[in-house]
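**Student:** Could you have a look at this structure, given as structure tokens, before my questions?
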Protein chains: 2
Amino acid sequence: MSDKREQLVVTALGLFLEHGYHATGIDRIVAESGVAKMTLYNHFESKDELIAAALQRMDEQWSTRVDTYLTHIGGSPRDRLLAVFDLHTQWYCEDDFHGCVFLKASHEYTDPAHPMHAFAAEHYQRLRERLAGLAKAAKAKRPDTLARQLVLLLIGATSQALLDDDRSSATQAREVARVLIDAAV
Amino acid sequence: MSDKREQLVVTALGLFLEHGYHATGIDRIVAESGVAKMTLYNHFESKDELIAAALQRMDEQWSTRVDTYLTHIGGSPRDRLLAVFDLHTQWYCEDDFHGCVFLKASHEYTDPAHPMHAFAAEHYQRLRERLAGLAKAAKAKRPDTLARQLVLLLIGATSQALLDDDRSSATQAREVARVLIDAAV
DNA sequence: TAACGTATGTACAAATCTGTACATCGTAGC
DNA sequence: GCTACGATGTACAGATTTGTACATACGTTA
């Protein structure tokens with residue numbers, strides 16, 4: 001019966017996204033999740049552990065989301081590289097889009113050695129490796145370099161989407177990506 | 001004798017950069033600046049006003065820094081567009097680099113209507129317009145589109161430099177920028 | 001029926017947060 | 001020397017923070 005734990009992580013994730021980690025208090029998480037405070041501390045040792053669980057969950061969520069989207073899209077490796085940008089456009093158009101929890105973590109915990117910051121870096125490292133695999137399949141000359149460039153574009157698009165409330169930044173980044181990919185094969 | 005006000009803004013800016021806005025308390029700003037708390041509230045009505053003053057100051061600081069760097073560099077408009085990326089590399093290599101206060105503001109205050117978020121968006125809008133002017137001087141076909149792409153690259157480079165503790169992300173973005181600029185003229 | 005694990009609600013501890021009150025000190029101008 | 005003003009230090013108010021104590025209730029299982 002880990003229904004309560006699930007509710008806590010989901011509620012916390014939403015609040016962290018909208019208001020940040022430091023600005024979101026335990027009391028608010030408890031109130032909005034409809035769970036008793038003692039239940040929270042029964043499932044998690046501390047607020048930091050709840051944050052870590054929320055990041056972990058978002059990481060898994062994105063992993064499967066990218067997986068299912070790319071397998072559903074199909075097409076050539078090049079098409080799938082570009083499709084990642086379409087997926088980001090979908091994301092930015094969601095009503096509850098408030099940026100990326102991992103970029104947010106790197107901004108609130110600037111020390112690279114901090115667990116939250118480190119996990120955020122690893123999340124994007126995993127994305128980078130996945131794109132490098134696709135780039136290699138697309139016969140790019142330097143797949144790792146291309147993957148790094150594409151992730152930089154995605155991070156830029158996500159940051160700009162939040163900053164300018166601009167849902168089109170991913171299509172804009174996609175145009176740049178197309179030029180890069182076609183130049184790299 | 002607004003020496004104290006200056007000291008407060010400088011100290012606050014550094015703390016906001018390293019720890020964020022919500023995580024930085026008034027007491028710490030007061031302690032590290034060596035100024036009495038009442039002096040702070042003599043110069044600023046509230047913490048939010050101090051944050052606003054810090055953002056304002058950083059905006060002016062960057063404006064003059066870009067100005068002096070570009071006039072010192074000289075060269076063609078194309079060279080100066082690329083030089084902006086070199087300036088960012090310089091920035092990332094500073095010891096006290098902890099990301100961008102404006103991107104940080106957009107992450108901690110996700111509501112686009114929030115004054116801090118709005119000011120951050122305006123800061124990058126000013127940069128965008130400046131780059132559009134250079135792009136026009138470089139005879140780019142669509143200078144506004146190019147400027148948007150370049151700002152997206154800069155935002156991506158800055159976010160990635162913080163996330164991955166990677167001081168080379170600006171040179172990486174510069175490579176992409178070079179391709180875009182040469183394709184746009 | 002009895003026992004056990006989980007969830008609950010309230011109350012609280014201890015620290016920290018923003019902002020204020022107030023008496024005092026130091027200096028610059030008249 | 002006197003006045004005015006900015007800066008100081010301390011103490012505090014009131015709210016909020018994370019985390020805990022404890023008695024109670026519910027449901028399942030033995």
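The way I read the labels, and the way they are meant: chains A, B, ... in the order of the structure tokens, residue 1 as the first residue of every chain, and ligand 1 as the first ligand shown, with later ones counted on from there.
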Counting only C-alpha atoms, which residues of chain A come no farther than 8 Å from chain B, as an MDAnalysis selection string?

**Tutor:** chainID A and resid 18:20 22:23 98:99 103:104 106:110 112 117 120:121 149 152:157 159:160 162:165 172:173 176 180

**Student:** Take the residues from that selection and put them in a file with N, CA, C and O atoms, as a CSV table (one decimal), in the first residue's frame.

**Tutor:**
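Once everything was written out, this is part.csv:
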```csv
chain,number,residue,atom,x,y,z
A,18,GLU,N,7.1,24.2,-10.1
A,18,GLU,CA,6.5,25.5,-10.2
A,18,GLU,C,7.2,26.5,-9.3
A,18,GLU,O,7.4,27.7,-9.7
A,19,HIS,N,7.6,26.1,-8.1
A,19,HIS,CA,8.1,27.1,-7.2
A,19,HIS,C,9.6,26.9,-6.8
A,19,HIS,O,10.1,27.7,-6.1
A,20,GLY,N,10.1,25.8,-7.2
A,20,GLY,CA,11.5,25.5,-6.8
A,20,GLY,C,11.6,24.7,-5.5
A,20,GLY,O,10.6,24.4,-4.9
A,22,HIS,N,13.7,25.2,-2.7
A,22,HIS,CA,13.8,25.9,-1.4
A,22,HIS,C,12.5,26.6,-1.0
A,22,HIS,O,12.2,26.7,0.1
A,23,ALA,N,11.8,27.0,-2.1
A,23,ALA,CA,10.6,27.8,-1.8
A,23,ALA,C,9.4,26.9,-1.5
A,23,ALA,O,8.3,27.4,-1.1
A,98,HIS,N,6.8,24.2,-16.5
A,98,HIS,CA,7.4,25.3,-15.7
A,98,HIS,C,8.9,25.0,-15.7
A,98,HIS,O,9.6,25.3,-14.7
A,99,GLY,N,9.4,24.6,-16.9
A,99,GLY,CA,10.9,24.3,-17.0
A,99,GLY,C,11.3,22.9,-16.6
A,99,GLY,O,10.4,22.0,-16.5
A,103,LEU,N,17.5,21.2,-14.7
A,103,LEU,CA,18.2,22.5,-14.8
A,103,LEU,C,17.9,23.3,-13.6
A,103,LEU,O,18.8,24.1,-13.1
A,104,LYS,N,16.7,23.2,-13.1
A,104,LYS,CA,16.4,23.9,-11.9
A,104,LYS,C,17.2,23.5,-10.7
A,104,LYS,O,17.7,24.3,-9.9
A,106,SER,N,20.3,22.3,-10.9
A,106,SER,CA,21.6,22.8,-11.1
A,106,SER,C,21.7,24.3,-10.7
A,106,SER,O,22.8,24.8,-10.3
A,107,HIS,N,20.6,25.0,-10.8
A,107,HIS,CA,20.6,26.5,-10.5
A,107,HIS,C,20.5,26.7,-9.0
A,107,HIS,O,21.0,27.6,-8.4
A,108,GLU,N,19.7,25.8,-8.3
A,108,GLU,CA,19.5,26.0,-6.9
A,108,GLU,C,20.6,25.4,-6.1
A,108,GLU,O,20.9,25.8,-4.9
A,109,TYR,N,21.3,24.3,-6.6
A,109,TYR,CA,22.4,23.7,-5.9
A,109,TYR,C,23.6,23.8,-6.9
A,109,TYR,O,23.9,22.9,-7.6
A,110,THR,N,24.3,24.9,-6.8
A,110,THR,CA,25.3,25.2,-7.9
A,110,THR,C,26.5,24.4,-7.7
A,110,THR,O,27.3,24.2,-8.6
A,112,PRO,N,28.7,21.5,-8.0
A,112,PRO,CA,28.7,20.3,-8.8
A,112,PRO,C,28.7,19.0,-8.0
A,112,PRO,O,28.3,17.9,-8.4
A,117,HIS,N,22.6,18.2,-7.8
A,117,HIS,CA,23.3,18.8,-9.0
A,117,HIS,C,23.9,17.6,-9.8
A,117,HIS,O,23.8,17.5,-11.0
A,120,ALA,N,21.4,15.6,-11.7
A,120,ALA,CA,20.9,16.4,-12.8
A,120,ALA,C,21.8,16.3,-14.0
A,120,ALA,O,21.4,16.1,-15.1
A,121,ALA,N,23.1,16.4,-13.7
A,121,ALA,CA,24.1,16.3,-14.7
A,121,ALA,C,24.1,14.9,-15.4
A,121,ALA,O,24.2,14.7,-16.6
A,149,GLN,N,26.3,18.8,-29.2
A,149,GLN,CA,25.7,20.0,-29.8
A,149,GLN,C,24.2,19.9,-29.6
A,149,GLN,O,23.5,20.9,-29.3
A,152,LEU,N,23.1,20.6,-26.1
A,152,LEU,CA,23.2,22.0,-25.9
A,152,LEU,C,22.0,22.8,-26.4
A,152,LEU,O,21.4,23.7,-25.8
A,153,LEU,N,21.5,22.4,-27.6
A,153,LEU,CA,20.4,23.0,-28.2
A,153,LEU,C,19.1,22.7,-27.4
A,153,LEU,O,18.3,23.6,-27.2
A,154,LEU,N,19.0,21.5,-26.9
A,154,LEU,CA,17.8,21.1,-26.2
A,154,LEU,C,17.7,21.9,-24.8
A,154,LEU,O,16.7,22.4,-24.4
A,155,ILE,N,18.9,22.0,-24.2
A,155,ILE,CA,19.0,22.7,-22.9
A,155,ILE,C,18.6,24.2,-23.2
A,155,ILE,O,17.9,24.8,-22.4
A,156,GLY,N,19.2,24.7,-24.3
A,156,GLY,CA,18.9,26.1,-24.6
A,156,GLY,C,17.4,26.4,-24.9
A,156,GLY,O,16.8,27.3,-24.4
A,157,ALA,N,16.8,25.4,-25.6
A,157,ALA,CA,15.4,25.6,-26.0
A,157,ALA,C,14.6,25.5,-24.7
A,157,ALA,O,13.6,26.3,-24.6
A,159,SER,N,15.4,26.2,-21.6
A,159,SER,CA,15.6,27.4,-20.7
A,159,SER,C,14.9,28.6,-21.3
A,159,SER,O,14.3,29.4,-20.6
A,160,GLN,N,15.0,28.7,-22.7
A,160,GLN,CA,14.4,29.8,-23.3
A,160,GLN,C,12.9,29.7,-23.3
A,160,GLN,O,12.2,30.7,-23.2
A,162,LEU,N,11.1,28.5,-20.9
A,162,LEU,CA,10.7,29.0,-19.6
A,162,LEU,C,10.9,30.5,-19.5
A,162,LEU,O,10.0,31.3,-19.1
A,163,LEU,N,12.0,31.0,-19.9
A,163,LEU,CA,12.4,32.4,-19.8
A,163,LEU,C,11.4,33.3,-20.6
A,163,LEU,O,10.9,34.3,-20.0
A,164,ASP,N,11.2,33.0,-21.8
A,164,ASP,CA,10.3,33.8,-22.7
A,164,ASP,C,8.9,33.3,-22.9
A,164,ASP,O,8.2,33.9,-23.6
A,165,ASP,N,8.5,32.3,-22.1
A,165,ASP,CA,7.2,31.7,-22.2
A,165,ASP,C,7.0,31.4,-23.7
A,165,ASP,O,5.9,31.7,-24.3
A,172,GLN,N,12.5,26.1,-33.3
A,172,GLN,CA,13.6,26.9,-33.7
A,172,GLN,C,15.0,26.1,-33.5
A,172,GLN,O,15.8,26.2,-34.4
A,173,ALA,N,15.1,25.4,-32.4
A,173,ALA,CA,16.3,24.6,-32.2
A,173,ALA,C,16.3,23.5,-33.2
A,173,ALA,O,17.4,23.0,-33.6
A,176,VAL,N,18.1,24.5,-36.3
A,176,VAL,CA,19.5,24.5,-36.2
A,176,VAL,C,20.0,23.0,-36.2
A,176,VAL,O,21.0,22.7,-36.8
A,180,LEU,N,22.9,21.1,-38.5
A,180,LEU,CA,24.0,20.4,-38.0
A,180,LEU,C,24.1,18.9,-38.4
A,180,LEU,O,25.1,18.4,-38.8
```

**Student:** Fewer than 5 positions away in the same chain doesn't count, so skip those; otherwise give me all residues within 12 Å of DT16 of chain D, counting only C-alpha atoms (C1' of nucleotides), as a ChimeraX atom specification.

**Tutor:** /A:23-28 /C:15-18

**Student:** Could you tell me which residues of chain D sit within 10 Å of chain B when counting only C-alpha atoms (C1' of nucleotides), and give me the result as a count of residues only?

**Tutor:** 4

**Student:** Could you give me, as an MDAnalysis selection string, each residue of segment 7-180 of chain B that DSSP assigns to helix (DSSP H, G or I) when run on this structure's backbone?

**Tutor:** chainID B and resid 7:19 26:33 37:43 47:73 77:92 101:108 115:137 143:164 169:180

**Student:** Using only C-alpha atoms, find the one residue out of A:Asp86, A:Leu81, A:Leu55, A:Ala184 that sits nearest to Arg128 of chain A.

**Tutor:**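 Residue with the minimum atom-to-atom distance to Arg128 of chain A: A:Leu81.
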